[in-house]
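Asks: Structure incoming, see below.
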Amino acid sequence: MAAKRTAHAVWEHDLRTGNGEVRGESGALPKLPVTWAARTEESGGKTSPEELLAAAHAACYAMALSGGLTRGGHAPDRLEVTAVATFDKVGDAWKVTTMDLTVRGKVPGLGAKEFEEAAQAAEKGCPISNAIRGNVAVHLTAHVL
């Protein structure tokens with residue numbers, strides 16, 4: 001059975017001075033405030049679609065890498081993933097241009113080369129990577145802890 005997850009957003013007023021909120025239906029993602037300024041300037045304690053995309057990508061990638069390592073006989077002790085989504089103006093339009101993933105892993109019995117290979121394979125299999133591939137450049141850096 002396919003899993004479906006739902007989020008809701010509300011926006012009020014114009015783009016530049018308006019504001020909104022987003023929340024997940026599960027209750028795990030509480031109401032979070034969003035503004036245009038939070039996307040293009042300082043966040044001011046508010047989130048943005050790009051931050052939410054980065055969070056989704058970091059979590060998805062961590063799961064993909066953990067699964068791949070475990071299937072390969074090297075269950076990780078710890079994986080730390082940071083995802084940075086870059087939102088920039090390209091011509092006349094705004095676009096998510098890049099997603100930079102950095103993973104640091106503590107994996108018993110696995111050297112740096114093997115960790116790098118597993119990290120690259122996980123990026124190719126990560127559902128969020130695959131959802132944005134071809135539209136957003138994904139860069140991966142992997143380090144052994």
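Letters A, B, ... mark the chains of the structure tokens in the order given; residue numbers begin at 1 per chain; ligand numbers begin at 1, in order shown.
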If we count only C-alpha atoms, what is near His8 of chain A at a cut-off of 10 Å, once residues fewer than 6 positions away on the same chain are taken out, given as a list in words?
Replies: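 Here the answer would be Glu21, Val22, Arg23, Gly24, Glu25 and Lys31 of chain A.
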Asks: Determine which residues of chain A receive a DSSP assignment of strand (DSSP E), computed from the backbone, and state them as number ranges by chain.
Replies: A: 7-12, 19-24, 32-34, 78-90, 93-106, 137-144
Asks: Could you list, as a ChimeraX atom specification, every residue within 9 Å of Arg39 of chain A, counting only C-alpha atoms and ignoring same-chain residues fewer than 2 positions away?
Replies: /A:34-37,41-43,46-51,87
Asks: Mind pulling up the distance from atom CA of Ala83 of chain A to atom CA of Glu117 of chain A?
Replies: 18.8 Å
Asks: Would you list, as a PyMOL selection string, the residues of chain A that end up in alpha helix (DSSP H) under DSSP run on this structure's backbone?
Replies: chain A and resi 36-40+49-71+112-125+127-132
Asks: Between atom CA of Leu65 of chain A and atom CA of Val144 of chain A, what distance in Å does the model show, to one decimal?
Replies: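 Here the two named atoms are 13.1 Å from each other.
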Asks: Env of Gly105 of chain A: 7 Å cut, atoms = only C-alpha atoms, seq-sep filter 2 positions within chain, self excluded. Answer as a list in words.
Replies: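 Final neighbour list, sorted by chain and number: Arg78, Leu79, Glu80, Val103, Val107, His143, Val144 and Leu145 of chain A.
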